[in-house]
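Source file entry_31.txt; content: compact mmCIF, C-alpha atoms.
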# COMPACT_ATOMS: atom_id res chain seq x y z
CA MET A 1 0.00 0.00 0.00
CA LYS A 2 1.90 3.02 -1.31
CA ARG A 3 1.21 6.65 -0.51
CA GLY A 4 2.72 10.03 -1.20
CA ILE A 5 2.38 12.57 1.60
CA ILE A 6 2.90 16.24 0.73
CA ILE A 7 3.12 18.81 3.53
CA VAL A 8 3.36 22.40 2.32
CA LEU A 9 4.82 24.81 4.86
CA ASP A 10 3.12 27.84 3.38
CA ALA A 11 5.50 30.69 2.53
CA VAL A 12 8.65 28.99 3.86
CA GLY A 13 10.93 29.88 0.97
CA ILE A 14 14.63 29.07 0.98
CA GLY A 15 16.31 31.84 -1.01
CA GLU A 16 15.68 34.12 -3.97
CA LEU A 17 15.10 32.67 -7.42
CA PRO A 18 17.29 33.88 -10.32
CA ASP A 19 14.48 36.18 -11.51
CA ALA A 20 13.61 37.55 -8.04
CA ALA A 21 14.62 41.07 -9.08
CA GLU A 22 11.75 41.16 -11.56
CA TYR A 23 9.38 40.75 -8.60
CA GLY A 24 11.14 43.18 -6.27
CA ASP A 25 12.39 40.32 -4.09
CA THR A 26 16.17 40.55 -4.36
CA GLY A 27 17.77 39.23 -1.19
CA SER A 28 14.72 37.43 0.18
CA ASN A 29 15.45 34.21 2.06
CA THR A 30 12.61 33.43 4.43
CA LEU A 31 13.92 30.33 6.18
CA MET A 32 17.48 31.59 6.68
CA HIS A 33 16.61 35.12 7.73
CA VAL A 34 14.15 33.93 10.37
CA LYS A 35 16.85 31.75 11.92
CA GLU A 36 19.31 34.65 11.86
CA GLN A 37 16.92 36.89 13.78
CA VAL A 38 15.72 34.13 16.13
CA PRO A 39 18.92 32.16 16.90
CA ASP A 40 17.11 29.94 19.41
CA LEU A 41 15.03 28.43 16.61
CA ASP A 42 15.99 24.75 16.68
CA LEU A 43 14.62 22.75 13.76
CA LYS A 44 16.52 19.66 14.87
CA ASN A 45 14.08 17.19 13.34
CA MET A 46 14.10 18.76 9.90
CA CYS A 47 17.86 19.09 10.22
CA SER A 48 18.04 15.34 10.89
CA LEU A 49 16.44 14.86 7.45
CA GLY A 50 19.04 17.13 5.83
CA LEU A 51 17.75 20.70 6.13
CA GLY A 52 21.18 22.05 7.03
CA LEU A 53 22.75 20.34 4.02
CA ILE A 54 20.64 22.04 1.35
CA GLU A 55 22.98 23.85 -1.03
CA GLY A 56 23.31 27.63 -1.02
CA TYR A 57 23.40 29.99 1.93
CA ASN A 58 22.44 27.82 4.90
CA VAL A 59 22.62 28.63 8.62
CA TYR A 60 21.01 25.45 9.93
CA GLU A 61 22.74 22.56 11.70
CA LYS A 62 24.48 20.08 9.47
CA THR A 63 24.54 16.34 10.01
CA ASP A 64 26.92 13.66 8.78
CA GLU A 65 24.13 11.08 8.62
CA PRO A 66 20.93 12.59 7.18
CA LYS A 67 17.83 10.43 7.39
CA GLY A 68 16.27 11.84 4.26
CA ALA A 69 16.91 13.26 0.82
CA TYR A 70 17.20 17.05 0.63
CA GLY A 71 17.31 19.89 -1.85
CA LYS A 72 15.40 22.87 -3.14
CA MET A 73 13.25 23.61 -6.18
CA LYS A 74 12.86 26.41 -8.70
CA GLU A 75 9.43 27.64 -9.68
CA ARG A 76 9.06 27.34 -13.44
CA SER A 77 5.70 29.12 -13.53
CA LYS A 78 5.46 32.88 -13.48
CA GLY A 79 4.23 34.41 -10.24
CA LYS A 80 4.70 33.94 -6.51
CA ASP A 81 1.26 33.13 -5.21
CA THR A 82 -0.29 30.19 -3.39
CA THR A 83 -2.33 28.91 -6.32
CA THR A 84 0.56 28.95 -8.80
CA GLY A 85 2.86 27.21 -6.33
CA HIS A 86 0.42 24.45 -5.40
CA TRP A 87 -0.60 23.85 -9.00
CA GLU A 88 3.05 23.45 -9.96
CA ILE A 89 3.59 21.01 -7.08
CA SER A 90 0.70 19.02 -8.56
CA GLY A 91 2.26 18.89 -12.02
CA ILE A 92 1.10 21.86 -14.12
CA HIS A 93 2.74 25.19 -15.05
CA LEU A 94 1.53 28.67 -15.91
CA ASP A 95 3.26 30.49 -18.75
CA ALA A 96 1.80 33.85 -17.68
CA PRO A 97 1.22 35.09 -14.14
CA PHE A 98 -2.22 35.77 -12.73
CA PRO A 99 -3.19 39.47 -12.99
CA THR A 100 -2.34 41.79 -10.11
CA TYR A 101 -3.71 45.23 -9.31
CA PRO A 102 -1.18 47.53 -7.59
CA ASN A 103 -3.53 50.50 -8.07
CA GLY A 104 -6.74 48.72 -7.20
CA PHE A 105 -9.29 47.18 -9.54
CA PRO A 106 -10.56 49.06 -12.62
CA ALA A 107 -13.73 51.10 -12.22
CA ASP A 108 -15.76 48.87 -14.52
CA VAL A 109 -14.85 45.76 -12.49
CA ILE A 110 -15.99 47.42 -9.26
CA GLU A 111 -19.15 48.86 -10.84
CA ASN A 112 -20.20 45.47 -12.19
CA PHE A 113 -19.49 43.85 -8.82
CA GLU A 114 -21.49 46.45 -6.90
CA LYS A 115 -24.40 46.03 -9.27
CA ALA A 116 -24.32 42.25 -8.90
CA ILE A 117 -24.33 42.29 -5.07
CA GLY A 118 -26.65 45.29 -4.68
CA ARG A 119 -24.24 47.21 -2.46
CA LYS A 120 -21.51 49.78 -2.73
CA ILE A 121 -18.02 48.77 -1.58
CA LEU A 122 -15.30 50.41 0.48
CA GLY A 123 -11.56 50.39 -0.15
CA ASN A 124 -10.37 49.01 -3.47
CA TYR A 125 -6.66 49.46 -2.89
CA PRO A 126 -3.70 47.27 -1.88
CA ALA A 127 -3.51 46.86 1.87
CA SER A 128 -2.69 44.62 4.78
CA GLY A 129 -5.85 42.83 5.83
CA THR A 130 -5.33 43.55 9.50
CA VAL A 131 -4.74 47.25 8.79
CA ILE A 132 -7.59 47.93 6.39
CA ILE A 133 -10.26 46.63 8.77
CA GLN A 134 -9.05 49.16 11.35
CA GLU A 135 -9.05 51.93 8.73
CA LEU A 136 -12.47 51.17 7.24
CA GLY A 137 -14.14 49.00 9.88
CA ASP A 138 -16.22 51.78 11.44
CA GLU A 139 -17.52 52.96 8.07
CA HIS A 140 -18.29 49.36 7.11
CA VAL A 141 -20.30 48.83 10.31
CA LYS A 142 -22.18 52.09 9.69
CA THR A 143 -22.98 51.52 6.00
CA GLY A 144 -22.97 47.74 5.58
CA TYR A 145 -20.67 48.12 2.57
CA PRO A 146 -18.10 45.27 2.27
CA ILE A 147 -14.41 46.15 2.22
CA VAL A 148 -12.56 45.18 -0.97
CA TYR A 149 -8.78 45.15 -1.13
CA THR A 150 -5.87 43.42 -2.84
CA SER A 151 -2.10 43.00 -2.43
CA ALA A 152 0.95 42.33 -4.57
CA ASP A 153 -0.56 38.88 -5.08
CA SER A 154 -3.39 38.02 -7.45
CA VAL A 155 -6.24 38.30 -4.95
CA PHE A 156 -9.63 40.01 -4.64
CA GLN A 157 -10.24 40.05 -0.90
CA ILE A 158 -13.57 40.92 0.70
CA ALA A 159 -13.76 41.73 4.40
CA ALA A 160 -16.98 42.03 6.40
CA HIS A 161 -17.93 42.11 10.07
CA GLU A 162 -19.81 38.95 10.98
CA ASP A 163 -22.54 40.96 12.73
CA VAL A 164 -23.04 43.19 9.68
CA ILE A 165 -22.77 40.63 6.85
CA SER A 166 -23.11 37.03 7.96
CA VAL A 167 -20.34 34.62 7.02
CA GLU A 168 -22.76 32.72 4.77
CA GLU A 169 -23.72 35.92 2.97
CA LEU A 170 -20.06 36.91 2.64
CA TYR A 171 -19.37 33.57 0.99
CA LYS A 172 -22.20 34.22 -1.48
CA ILE A 173 -20.76 37.65 -2.25
CA CYS A 174 -17.39 36.01 -2.89
CA GLU A 175 -19.00 33.46 -5.18
CA THR A 176 -20.46 36.36 -7.17
CA ALA A 177 -17.04 37.96 -7.43
CA ARG A 178 -15.53 34.65 -8.53
CA GLU A 179 -18.12 34.31 -11.30
CA GLN A 180 -17.29 37.79 -12.56
CA LEU A 181 -13.51 37.68 -12.26
CA GLN A 182 -12.68 35.55 -15.28
CA GLY A 183 -10.58 36.02 -18.42
CA ARG A 184 -8.19 38.95 -18.26
CA HIS A 185 -9.41 39.77 -14.75
CA GLY A 186 -9.20 36.15 -13.62
CA VAL A 187 -7.41 36.64 -10.31
CA ALA A 188 -6.03 33.50 -8.71
CA ARG A 189 -8.22 33.76 -5.62
CA VAL A 190 -11.21 35.59 -4.26
CA ILE A 191 -10.88 35.45 -0.46
CA ALA A 192 -13.58 35.91 2.17
CA ARG A 193 -12.14 37.71 5.21
CA PRO A 194 -14.72 37.82 8.02
CA PHE A 195 -13.88 39.78 11.16
CA THR A 196 -15.40 40.67 14.52
CA GLY A 197 -14.77 43.15 17.33
CA THR A 198 -15.46 46.80 18.01
CA SER A 199 -14.04 50.14 16.89
CA GLY A 200 -10.28 50.19 17.28
CA ASN A 201 -10.17 46.48 18.04
CA TYR A 202 -11.39 44.62 14.96
CA GLN A 203 -9.95 41.13 14.56
CA ARG A 204 -10.13 38.65 11.68
CA THR A 205 -11.69 35.29 12.44
CA GLU A 206 -10.78 31.77 11.37
CA ARG A 207 -13.69 31.54 8.92
CA ARG A 208 -11.63 32.70 5.96
CA LYS A 209 -12.51 30.93 2.71
CA ASP A 210 -10.71 30.94 -0.65
CA PHE A 211 -12.47 30.80 -4.00
CA SER A 212 -9.90 29.81 -6.62
CA LEU A 213 -10.00 29.38 -10.36
CA PRO A 214 -10.12 25.71 -11.36
CA PRO A 215 -6.76 24.27 -12.48
CA VAL A 216 -6.06 24.95 -16.15
CA ALA A 217 -5.18 21.28 -16.84
CA PRO A 218 -5.50 17.90 -15.12
CA THR A 219 -3.30 17.62 -12.03
CA LEU A 220 -1.80 14.74 -10.09
CA LEU A 221 -4.95 14.85 -7.94
CA ASP A 222 -7.23 14.40 -10.96
CA TYR A 223 -5.24 11.48 -12.33
CA ALA A 224 -4.99 9.79 -8.93
CA LYS A 225 -8.73 10.00 -8.32
CA GLU A 226 -9.60 8.84 -11.84
CA GLN A 227 -7.35 5.80 -11.38
CA GLY A 228 -8.98 4.71 -8.15
CA LYS A 229 -6.60 6.22 -5.60
CA THR A 230 -7.65 8.07 -2.46
CA VAL A 231 -6.81 11.77 -2.43
CA ALA A 232 -7.10 13.08 1.13
CA CYS A 233 -6.55 16.81 1.59
CA VAL A 234 -6.01 18.94 4.68
CA GLY A 235 -6.37 22.70 5.08
CA LYS A 236 -7.00 25.00 2.13
CA ILE A 237 -6.01 22.42 -0.50
CA GLU A 238 -9.69 21.88 -1.31
CA ASP A 239 -10.06 25.60 -2.03
CA ILE A 240 -6.90 25.87 -4.13
CA PHE A 241 -8.04 23.02 -6.38
CA CYS A 242 -11.77 23.88 -6.30
CA ASN A 243 -12.43 20.44 -4.79
CA ARG A 244 -11.27 18.84 -8.05
CA GLY A 245 -9.50 15.48 -7.89
CA ILE A 246 -10.23 15.14 -4.17
CA THR A 247 -11.95 12.16 -2.57
CA LYS A 248 -12.06 13.48 1.00
CA SER A 249 -10.89 16.59 2.80
CA VAL A 250 -10.89 18.51 6.06
CA HIS A 251 -10.76 22.31 6.11
CA THR A 252 -8.65 23.15 9.17
CA HIS A 253 -8.10 26.59 10.70
CA THR A 254 -4.72 26.25 12.44
CA ASN A 255 -1.47 24.38 11.94
CA ALA A 256 -2.19 22.41 15.10
CA GLU A 257 -5.44 21.15 13.57
CA GLY A 258 -3.71 20.48 10.26
CA ILE A 259 -0.98 18.38 11.83
CA GLU A 260 -3.49 16.32 13.83
CA GLN A 261 -5.64 15.69 10.77
CA THR A 262 -2.60 14.73 8.68
CA ILE A 263 -1.59 12.16 11.30
CA LYS A 264 -5.18 10.89 11.36
CA TYR A 265 -5.11 10.34 7.59
CA ILE A 266 -1.69 8.67 7.81
CA ASN A 267 -3.10 6.23 10.38
CA GLU A 268 -5.85 5.20 7.95
CA ASN A 269 -5.40 2.39 5.44
CA PHE A 270 -5.61 3.49 1.82
CA GLU A 271 -3.39 3.89 -1.22
CA GLY A 272 -2.97 7.29 -2.79
CA LEU A 273 -2.14 10.83 -1.77
CA ILE A 274 -2.27 12.95 1.38
CA PHE A 275 -1.89 16.66 0.61
CA THR A 276 -1.65 19.16 3.49
CA ASN A 277 -1.24 22.93 3.62
CA LEU A 278 -0.07 24.45 6.91
CA VAL A 279 -0.92 28.11 6.49
CA ASP A 280 0.02 29.84 9.76
CA THR A 281 3.53 30.84 8.66
CA ASP A 282 1.97 32.74 5.76
CA MET A 283 -1.36 34.04 7.02
CA LEU A 284 -0.55 34.86 10.63
CA TYR A 285 3.13 35.77 10.53
CA GLY A 286 4.66 36.25 7.07
CA HIS A 287 2.21 38.91 5.90
CA ARG A 288 2.50 40.70 9.24
CA ASN A 289 6.31 40.64 9.33
CA ASP A 290 6.10 38.85 12.67
CA VAL A 291 9.50 37.16 12.76
CA LYS A 292 9.11 35.69 16.24
CA GLY A 293 5.67 34.34 15.44
CA PHE A 294 7.02 32.83 12.21
CA ALA A 295 9.82 31.13 14.14
CA LYS A 296 7.40 29.86 16.78
CA SER A 297 5.21 28.32 14.06
CA LEU A 298 8.21 26.61 12.45
CA GLN A 299 9.28 25.31 15.86
CA TYR A 300 5.82 23.87 16.50
CA PHE A 301 5.90 21.95 13.23
CA ASP A 302 9.39 20.64 13.87
CA ASP A 303 8.50 19.57 17.41
CA ASN A 304 5.59 17.55 16.02
CA LEU A 305 7.46 16.14 13.02
CA PRO A 306 8.54 12.95 14.91
CA ARG A 307 4.84 12.13 15.43
CA ILE A 308 4.29 12.38 11.67
CA LEU A 309 7.33 10.24 10.88
CA SER A 310 6.42 7.57 13.42
CA ALA A 311 2.87 7.33 12.05
CA MET A 312 4.10 6.67 8.51
CA LYS A 313 3.73 3.18 7.11
CA ASP A 314 6.60 1.28 5.52
CA GLU A 315 5.77 2.29 1.93
CA ASP A 316 4.87 5.94 2.61
CA ILE A 317 7.00 8.73 1.16
CA LEU A 318 6.86 12.17 2.78
CA PHE A 319 7.65 15.43 0.99
CA ILE A 320 8.08 18.58 3.09
CA THR A 321 8.02 21.60 0.83
CA SER A 322 6.75 25.16 0.32
CA ASP A 323 4.84 27.12 -2.31
CA HIS A 324 6.65 30.50 -2.27
CA GLY A 325 8.37 32.76 0.25
CA CYS A 326 7.11 35.54 2.51
CA ASP A 327 10.24 36.86 4.19
CA PRO A 328 9.09 38.58 7.40
CA THR A 329 12.46 40.32 7.82
CA THR A 330 12.04 42.50 4.72
CA PRO A 331 9.99 45.73 4.52
CA SER A 332 7.49 44.05 2.20
CA THR A 333 4.53 42.20 3.69
CA ASP A 334 3.86 40.32 0.45
CA HIS A 335 4.98 36.96 -0.92
CA SER A 336 8.54 36.67 -2.19
CA ARG A 337 9.84 34.88 -5.27
CA GLU A 338 11.98 32.14 -3.73
CA HIS A 339 13.13 28.57 -4.11
CA SER A 340 10.96 25.97 -2.46
CA LEU A 341 12.21 23.84 0.41
CA LEU A 342 12.44 20.10 -0.32
CA LEU A 343 12.86 17.29 2.20
CA MET A 344 11.98 13.72 1.22
CA TYR A 345 11.69 10.86 3.70
CA GLY A 346 10.59 7.23 3.74
CA LYS A 347 11.89 3.92 5.01
CA ASN A 348 12.93 3.01 1.46
CA ILE A 349 14.31 6.45 0.53
CA LYS A 350 18.08 6.66 0.23
CA PRO A 351 19.52 9.75 1.96
CA ARG A 352 21.11 11.95 -0.70
CA ASN A 353 21.49 15.45 -2.07
CA LEU A 354 18.72 16.13 -4.58
CA GLY A 355 20.38 19.39 -5.62
CA THR A 356 18.37 22.22 -7.12
CA ARG A 357 15.38 20.88 -9.02
CA GLU A 358 14.16 22.76 -12.09
CA THR A 359 10.49 22.73 -11.10
CA PHE A 360 8.18 22.12 -8.14
CA SER A 361 6.51 19.51 -10.36
CA ASP A 362 9.27 17.00 -9.67
CA ILE A 363 7.21 16.11 -6.59
CA ALA A 364 4.16 15.23 -8.69
CA LYS A 365 6.26 13.27 -11.17
CA THR A 366 7.90 11.30 -8.36
CA ILE A 367 4.60 10.40 -6.72
CA ALA A 368 3.05 9.48 -10.06
CA GLU A 369 5.88 7.07 -10.82
CA TYR A 370 5.81 5.62 -7.31
CA LEU A 371 2.05 5.02 -7.34
CA GLY A 372 1.91 3.93 -10.98
CA ILE A 373 -0.31 6.88 -11.95
CA GLU A 374 -0.47 7.64 -15.66
CA GLY A 375 -1.04 11.15 -16.95
CA ASN A 376 0.46 14.25 -18.52
CA ILE A 377 2.50 15.42 -15.53
CA ASP A 378 5.50 17.73 -15.88
CA GLY A 379 8.71 17.27 -13.98
CA VAL A 380 11.43 14.68 -13.45
CA SER A 381 11.02 11.82 -11.00
CA MET A 382 13.41 11.76 -8.06
CA LEU A 383 13.03 8.02 -7.42
As structure tokens, how would this structure be written, given the file I've shared?
Amino acid sequence: MKRGIIIVLDAVGIGELPDAAEYGDTGSNTLMHVKEQVPDLDLKNMCSLGLGLIEGYNVYEKTDEPKGAYGKMKERSKGKDTTTGHWEISGIHLDAPFPTYPNGFPADVIENFEKAIGRKILGNYPASGTVIIQELGDEHVKTGYPIVYTSADSVFQIAAHEDVISVEELYKICETAREQLQGRHGVARVIARPFTGTSGNYQRTERRKDFSLPPVAPTLLDYAKEQGKTVACVGKIEDIFCNRGITKSVHTHTNAEGIEQTIKYINENFEGLIFTNLVDTDMLYGHRNDVKGFAKSLQYFDDNLPRILSAMKDEDILFITSDHGCDPTTPSTDHSREHSLLLMYGKNIKPRNLGTRETFSDIAKTIAEYLGIEGNIDGVSML
């Protein structure tokens, strides 16, 4: 009974890509810079797999006897967002990046959206989600108008107080936006951002929901499901892939929940794929430039990694990776164009240096070969 287990540490990049300058991300190195600023960070369990041996600038502990295979991966697709990164991990590439809106969305886009939902909107400019609800929260509560904002990423985010616009209604508003934002305005994700609280103390809740475009081609998930494999997903994976190619899933709200659910799936008996996104490093800490919080989240994962490894069955292969960077030590609060972390572990995996892979899709190609899945999947197998 063979399985591939993918755990994405969201936003944990491992150094700028060759084209980082084109994205304004020269010098970004999320994983290394966090360690430099928080020297007590001790990722001893990932280091035992080979984290400190990954080529390039590396400040983590080295080992003479790594338990896993280790390396890093380039992103072949254009962009530095969650959707692009996860799609590439699953075996497909984008030749053009999703559209972004550094000056806000065009007037006609907003006018059509307002007409469709029967309300005016507030905002329509790039902003930090935690900041804009403080800036516009009082006016939103007074008028009932949802807050629309974006970032350097391809997102159309809609924030609303749960006592003003119910979470269910906010989801419907996001579905309307998703239906409209197609073609040249086809942003990667429409994101519901509910919040609560009172003036001066508004706080986002855990009921965020992403509404993504469907993948542009069949992915590893599609092929696995079609060929009778189980595809069990944890966290926002179901949103990123629009529930396509998934046989069962759990939408978790914290890394703690995500780790527990991943272990639960590992303890079950099935052949196929387990695909987990652990989002706290991105959502709670990376975008807020909270270096200590970022380090604490990494530490929590590493402390629980032995539980994941011990739950694995003899023929399981684990991939620990990331989808982009979000260096909290830089002035920017946005994603950064970085290499992806790669650690590979299994009882039958030979410890070795995997070098720098040319695409995130090498993970999909490796799992496809291992599970005997046929399909048009990019990448080179690492088996």
Just give me the gap between atom CA of Val155 of chain A and atom CA of Gly118 of chain A in Å, one decimal is fine.
->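 Interatomic distance, atom CA of Val155 of chain A to atom CA of Gly118 of chain A: 21.6 Å.
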Gap from atom CA of Asp302 of chain A to atom CA of Ser48 of chain A - Å, one decimal |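 So the answer is 10.6 Å.
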Assuming 6 Å of padding per side, give the centre and edge lengths of the axis-aligned box around every listed atom of segment 115-134 of chain A, in Å to one decimal and as AutoDock Vina command-line options.
--center_x -14.7 --center_y 46.3 --center_z 1.0 --size_x 36.0 --size_y 20.2 --size_z 32.6
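You will find atom CA of Ile377 of chain A at 25.8 Å from atom CA of Lys313 of chain A.
Among the candidates A:Asn304, A:Thr26, A:Thr329, A:Ser381, the one nearest to Gly286 of chain A when counting all atoms listed in the file is A:Thr329.
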Selected residue of minimal separation from Ile121 of chain A among A:Gly104, A:Ala295, A:Gly144, A:Ile191, counting only C-alpha atoms | A:Gly144
Can you pull out every residue within 7 Å of segment 254-271 of chain A, counting all atoms listed in the file, but drop anything in the same chain fewer than 6 positions away, and send it as number ranges by chain?
-> A: 1-3, 229-230, 234-235, 278-280, 308, 311-312
Tell me, as a PyMOL selection string, which residues lie within 12 Å of Thr84 of chain A, counting only C-alpha atoms; anything in the same chain fewer than 2 positions away does not count.
-> chain A and resi 75-82+86-99+153-154+187-189+212-216+240-241+322-324+337+359-361
